[in-house]
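Content type compact mmCIF, C-alpha atoms, from the file final.txt:
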```txt
# COMPACT_ATOMS: atom_id res chain seq x y z
CA MET A 1 -54.46 26.49 61.91
CA GLU A 2 -51.13 25.09 63.02
CA THR A 3 -52.00 21.78 61.38
CA VAL A 4 -52.83 23.53 58.14
CA MET A 5 -49.53 25.40 58.24
CA LYS A 6 -47.64 22.18 58.81
CA LYS A 7 -49.40 20.60 55.84
CA LEU A 8 -48.61 23.62 53.68
CA GLY A 9 -44.99 23.49 54.82
CA SER A 10 -44.81 19.81 54.00
CA LEU A 11 -46.35 20.42 50.58
CA SER A 12 -43.90 23.27 49.94
CA ALA A 13 -40.96 21.06 50.88
CA LYS A 14 -42.24 18.33 48.59
CA ALA A 15 -42.74 20.84 45.80
CA VAL A 16 -39.21 22.17 46.24
CA LEU A 17 -37.86 18.62 46.29
CA LEU A 18 -39.82 17.82 43.15
CA VAL A 19 -38.52 20.91 41.39
CA VAL A 20 -34.95 20.13 42.45
CA SER A 21 -35.36 16.54 41.26
CA LEU A 22 -36.74 17.73 37.93
CA CYS A 23 -33.84 20.17 37.57
CA ILE A 24 -31.28 17.49 38.35
CA GLY A 25 -33.03 15.13 35.96
CA SER A 26 -33.01 17.78 33.25
CA ILE A 27 -29.31 18.51 33.83
CA LEU A 28 -28.44 14.81 33.64
CA LEU A 29 -30.51 14.46 30.49
CA LEU A 30 -28.80 17.46 28.90
CA MET A 31 -25.40 16.11 29.93
CA GLY A 32 -26.30 12.75 28.43
CA LEU A 33 -27.46 14.34 25.19
CA ALA A 34 -24.33 16.49 25.04
CA HIS A 35 -22.17 13.40 25.59
CA LEU A 36 -24.00 11.55 22.83
CA ALA A 37 -23.56 14.55 20.55
CA LEU A 38 -19.82 14.61 21.29
CA LEU A 39 -19.59 10.88 20.61
CA SER A 40 -21.56 11.33 17.40
CA ASN A 41 -19.32 14.19 16.29
CA ARG A 42 -16.22 12.18 17.21
CA SER A 43 -17.50 9.17 15.25
CA ALA A 44 -18.27 11.41 12.28
CA ASP A 45 -14.79 12.96 12.49
CA MET A 46 -13.18 9.52 12.70
CA ALA A 47 -15.22 8.27 9.74
CA SER A 48 -14.29 11.37 7.74
CA ALA A 49 -10.59 10.95 8.63
CA ALA A 50 -10.71 7.26 7.66
CA THR A 51 -12.33 8.09 4.32
CA LEU A 52 -9.71 10.76 3.63
CA SER A 53 -6.84 8.40 4.56
CA ARG A 54 -8.30 5.69 2.35
CA SER A 55 -8.57 8.11 -0.56
CA GLN A 56 -5.01 9.33 -0.02
CA ALA A 57 -3.68 5.76 0.20
CA ALA A 58 -5.42 4.88 -3.08
CA ALA A 59 -3.78 7.92 -4.70
CA VAL A 60 -0.37 6.85 -3.36
CA LEU A 61 -0.81 3.34 -4.78
CA LYS A 62 -1.90 4.75 -8.14
CA ASN A 63 1.19 6.95 -8.15
CA LEU A 64 3.24 3.87 -7.29
CA GLY A 65 1.89 2.03 -10.33
CA ASP A 66 2.63 5.02 -12.53
CA ARG A 67 6.22 5.16 -11.21
CA MET A 68 6.82 1.46 -11.85
CA GLY A 69 5.43 1.91 -15.35
CA SER A 70 7.75 4.83 -16.04
CA TYR A 71 10.78 2.89 -14.76
CA ALA A 72 9.90 -0.23 -16.76
CA MET A 73 9.43 1.77 -19.96
CA THR A 74 12.81 3.48 -19.45
CA TYR A 75 14.83 0.36 -18.64
CA ALA A 76 13.12 -1.86 -21.23
CA ALA A 77 14.43 0.60 -23.83
CA HIS A 78 17.92 0.66 -22.27
CA PRO A 79 20.38 -0.50 -24.95
CA GLU A 80 22.48 -2.50 -22.47
CA VAL A 81 19.45 -4.48 -21.29
CA ALA A 82 18.34 -5.47 -24.80
CA ALA A 83 21.88 -6.32 -25.92
CA ALA A 84 22.57 -8.41 -22.79
CA ILE A 85 19.36 -10.44 -23.22
CA ALA A 86 19.98 -11.00 -26.92
CA GLY A 87 23.67 -11.78 -26.41
CA GLY A 88 23.06 -14.77 -24.16
CA ASP A 89 26.17 -14.19 -22.03
CA ARG A 90 25.07 -14.78 -18.44
CA ALA A 91 28.03 -12.95 -16.85
CA ILE A 92 27.35 -9.82 -18.91
CA LEU A 93 23.60 -10.06 -18.23
CA GLN A 94 24.20 -10.35 -14.48
CA GLU A 95 26.56 -7.39 -14.44
CA VAL A 96 24.13 -5.19 -16.35
CA ILE A 97 20.94 -6.14 -14.49
CA LEU A 98 22.53 -6.07 -11.05
CA ARG A 99 24.14 -2.67 -11.67
CA LEU A 100 20.93 -1.11 -13.02
CA TYR A 101 18.85 -2.56 -10.19
CA LYS A 102 21.20 -1.17 -7.53
CA GLN A 103 21.15 2.17 -9.31
CA LEU A 104 17.33 2.33 -9.36
CA HIS A 105 16.87 0.92 -5.84
CA GLY A 106 19.28 3.54 -4.52
CA LYS A 107 17.17 6.22 -6.17
CA ASP A 108 13.81 4.78 -5.12
CA PRO A 109 14.05 2.24 -2.23
CA VAL A 110 10.51 0.89 -2.72
CA VAL A 111 11.69 -0.76 -5.98
CA THR A 112 12.37 -4.33 -4.87
CA VAL A 113 11.85 -6.28 -8.11
CA PHE A 114 13.97 -5.98 -11.24
CA GLU A 115 13.97 -9.03 -13.53
CA VAL A 116 14.19 -9.97 -17.19
CA THR A 117 12.90 -12.97 -19.14
CA ASP A 118 13.57 -14.44 -22.55
CA ALA A 119 10.97 -14.41 -25.35
CA GLN A 120 9.18 -17.44 -23.83
CA GLY A 121 8.90 -15.93 -20.35
CA VAL A 122 11.73 -17.86 -18.68
CA VAL A 123 13.46 -15.69 -16.07
CA LEU A 124 17.05 -15.04 -17.12
CA MET A 125 18.19 -12.74 -14.31
CA ARG A 126 16.90 -11.01 -11.19
CA GLY A 127 18.76 -7.93 -10.04
CA HIS A 128 17.18 -8.27 -6.60
CA ASN A 129 18.12 -11.97 -6.37
CA PRO A 130 20.72 -13.04 -8.96
CA ALA A 131 20.85 -16.63 -7.69
CA SER A 132 17.17 -17.19 -8.52
CA PHE A 133 16.34 -17.78 -12.20
CA GLY A 134 14.94 -20.35 -14.61
CA ASP A 135 11.26 -20.25 -13.63
CA ASN A 136 8.75 -19.60 -16.39
CA LYS A 137 6.39 -16.63 -16.08
CA GLY A 138 4.94 -16.95 -19.55
CA LYS A 139 1.46 -17.73 -18.19
CA ASP A 140 1.36 -14.74 -15.85
CA PRO A 141 -1.12 -12.27 -17.43
CA LEU A 142 1.26 -9.29 -17.15
CA PHE A 143 4.18 -11.19 -18.70
CA ALA A 144 1.97 -12.82 -21.33
CA GLY A 145 0.86 -9.37 -22.45
CA ALA A 146 4.41 -7.99 -22.55
CA LEU A 147 5.69 -10.99 -24.52
CA THR A 148 3.16 -10.17 -27.24
CA GLY A 149 4.26 -6.54 -27.29
CA GLN A 150 1.74 -5.05 -24.84
CA ALA A 151 3.09 -3.23 -21.78
CA SER A 152 1.15 -4.27 -18.66
CA GLU A 153 0.78 -3.01 -15.11
CA GLY A 154 -0.91 -4.49 -12.06
CA LEU A 155 -0.49 -6.81 -9.09
CA THR A 156 1.69 -9.90 -9.21
CA ALA A 157 2.55 -12.52 -6.58
CA SER A 158 5.98 -14.08 -6.15
CA GLN A 159 5.91 -17.80 -6.98
CA SER A 160 8.45 -18.49 -4.23
CA SER A 161 7.50 -16.18 -1.35
CA GLY A 162 3.90 -15.33 -2.24
CA GLU A 163 4.60 -11.62 -1.69
CA VAL A 164 2.39 -9.24 -3.63
CA SER A 165 3.92 -6.49 -5.77
CA THR A 166 2.71 -3.59 -7.82
CA SER A 167 4.52 -4.37 -11.07
CA ALA A 168 5.01 -3.05 -14.57
CA VAL A 169 6.13 -5.46 -17.30
CA HIS A 170 7.33 -4.12 -20.65
CA PRO A 171 8.51 -5.90 -23.81
CA VAL A 172 12.21 -5.74 -24.67
CA SER A 173 13.30 -5.62 -28.32
CA PHE A 174 16.71 -5.82 -29.97
CA LYS A 175 17.24 -4.83 -33.60
CA GLY A 176 13.51 -5.02 -34.28
CA GLN A 177 13.06 -8.45 -32.69
CA ARG A 178 11.28 -9.04 -29.38
CA VAL A 179 13.78 -10.83 -27.16
CA GLY A 180 12.04 -10.82 -23.79
CA ALA A 181 10.36 -8.80 -21.09
CA LEU A 182 11.42 -6.65 -18.16
CA ASN A 183 9.55 -6.42 -14.86
CA ILE A 184 10.04 -3.66 -12.32
CA GLY A 185 7.97 -3.73 -9.16
CA ALA A 186 7.52 -2.68 -5.55
CA ARG A 187 6.74 -5.37 -3.00
CA TYR A 188 4.42 -4.52 -0.14
CA ARG A 189 7.10 -4.18 2.51
CA VAL A 190 8.16 -1.73 5.24
CA ASP A 191 9.56 0.90 2.83
CA LEU A 192 6.26 1.09 0.96
CA ALA A 193 4.22 1.14 4.18
CA GLY A 194 6.41 4.00 5.42
CA GLU A 195 5.89 5.97 2.22
CA ILE A 196 2.10 5.61 2.48
CA LYS A 197 2.17 6.72 6.14
CA GLN A 198 4.38 9.72 5.32
CA LEU A 199 1.95 10.91 2.65
CA THR A 200 -1.34 10.09 4.44
CA GLY A 201 -0.47 10.45 8.12
CA ALA A 202 -2.15 7.08 8.80
CA ASP A 203 -0.47 3.92 10.08
CA VAL A 204 -0.31 1.09 7.56
CA ILE A 205 -0.38 -2.70 7.98
CA PHE A 206 0.11 -5.17 5.11
CA PHE A 207 -1.31 -8.65 5.64
CA ARG A 208 -0.29 -11.76 3.73
CA GLY A 209 -1.69 -15.22 4.41
CA GLY A 210 -3.44 -14.00 7.55
CA LYS A 211 -0.19 -12.67 9.03
CA ILE A 212 1.32 -9.20 9.22
CA ASN A 213 3.84 -8.81 6.42
CA ALA A 214 4.87 -5.21 7.13
CA SER A 215 3.67 -2.42 9.40
CA THR A 216 4.43 1.13 10.46
CA ILE A 217 3.37 0.20 14.02
CA ALA A 218 6.23 -1.04 16.22
```

Written as structure tokens, that's how I'd like the structure from this file.
Amino acid sequence: METVMKKLGSLSAKAVLLVVSLCIGSILLLMGLAHLALLSNRSADMASAATLSRSQAAAVLKNLGDRMGSYAMTYAAHPEVAAAIAGGDRAILQEVILRLYKQLHGKDPVVTVFEVTDAQGVVLMRGHNPASFGDNKGKDPLFAGALTGQASEGLTASQSSGEVSTSAVHPVSFKGQRVGALNIGARYRVDLAGEIKQLTGADVIFFRGGKINASTIA
């Protein structure tokens, strides 16, 4: 009888141990599943946030293009710009273009390109860099369109620095004759990265040639 009781006690202990083991195993499994669910939810939240930021950034860049287009249309119709290009006096042209560029850049710091060409596409003056002129942009699609009377907007790359800009190029006419084109643009620099971050809440990095060109991350 005592032997039987010992066997029953041993079986009871084993049963309790088995139940405890199963409970612990179940708890660990539930914890694991809960952790996976949290990770899944976090991944879904991160993916959703990334999609939203991407959509917001695209909207900001579209707005940027619209702004450059509005500025280019306004300044291409500016009587001083047309008269200065047609007049051929470099000192007057420099005074006008430099003054108007500083005025616009002060109003909207992301504007970093303000230049005019003659009717063949040769750059006459750059408000953002008066010492640089004489290169021909006649073959650039945006300038080619403007020189035939068609306002154009899109991305351009600087022939000297390679920097990419969102630009708007509009034809300039004087007394009914097309005398050149005006380009206003925003290069992808720190000011623009900061504007995108302010509106989207996401950090921004611009790459050029495999290197960081501008970033909101210190």

Local residues around (16.7, -9.8, -7.0), at most 10 Å away, using all atoms listed in the file, as a VMD selection string: chain A and resid 97 to 98 101 to 102 112 to 115 125 to 133

File of the preceding selection, C-alpha atoms, as a CSV table (one decimal), keeping the file's coordinate frame:
```
chain,number,residue,atom,x,y,z
A,97,ILE,CA,20.9,-6.1,-14.5
A,98,LEU,CA,22.5,-6.1,-11.0
A,101,TYR,CA,18.8,-2.6,-10.2
A,102,LYS,CA,21.2,-1.2,-7.5
A,112,THR,CA,12.4,-4.3,-4.9
A,113,VAL,CA,11.8,-6.3,-8.1
A,114,PHE,CA,14.0,-6.0,-11.2
A,115,GLU,CA,14.0,-9.0,-13.5
A,125,MET,CA,18.2,-12.7,-14.3
A,126,ARG,CA,16.9,-11.0,-11.2
A,127,GLY,CA,18.8,-7.9,-10.0
A,128,HIS,CA,17.2,-8.3,-6.6
A,129,ASN,CA,18.1,-12.0,-6.4
A,130,PRO,CA,20.7,-13.0,-9.0
A,131,ALA,CA,20.8,-16.6,-7.7
A,132,SER,CA,17.2,-17.2,-8.5
A,133,PHE,CA,16.3,-17.8,-12.2
```

Within-7 Å shell of (1.5, -6.7, 2.3) in input frame, only C-alpha atoms, as a list in words: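 Checked against the point, the hits come out as Val164, Tyr188, Arg189, Phe206, Phe207, Arg208, Asn213 and Ala214 of chain A.
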
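Nearest residue to Val81 (chain A) among A:Val96, A:Val190, A:Leu155, A:Leu142 is A:Val96, counting only C-alpha atoms.
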
Contacts of Ala119 (chain A) at 12 Å (all atoms listed in the file; same-chain gap of 2+ positions) as a PyMOL selection string: chain A and resi 82+85-86+116-117+121-124+136-138+143-149+170-174+177-182

Selection: 9 Å around Met68 (chain A), only C-alpha atoms, excl. self and same-chain fewer than 4 positions, as number ranges by chain: A: 63-64, 72-73, 111, 153, 166-169, 183-186

Separation of CA of Ala157 (chain A) from CA of Ala193 (chain A), in Å and rounded to one decimal: 17.5 Å

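Between CA of Gln94 (chain A) and CA of Gln120 (chain A) lies a distance of 19.1 Å.
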
Atom-to-atom span, CA of Lys197 (chain A) and CA of Thr216 (chain A), Å: 7.4 Å

Given all atoms listed in the file as the counted atoms, nearest of A:Gln159, A:Ser55, A:Gln103, A:Ser165 to Ala202 (chain A):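 Ranked by minimum distance to Ala202 (chain A), first place goes to A:Ser55.
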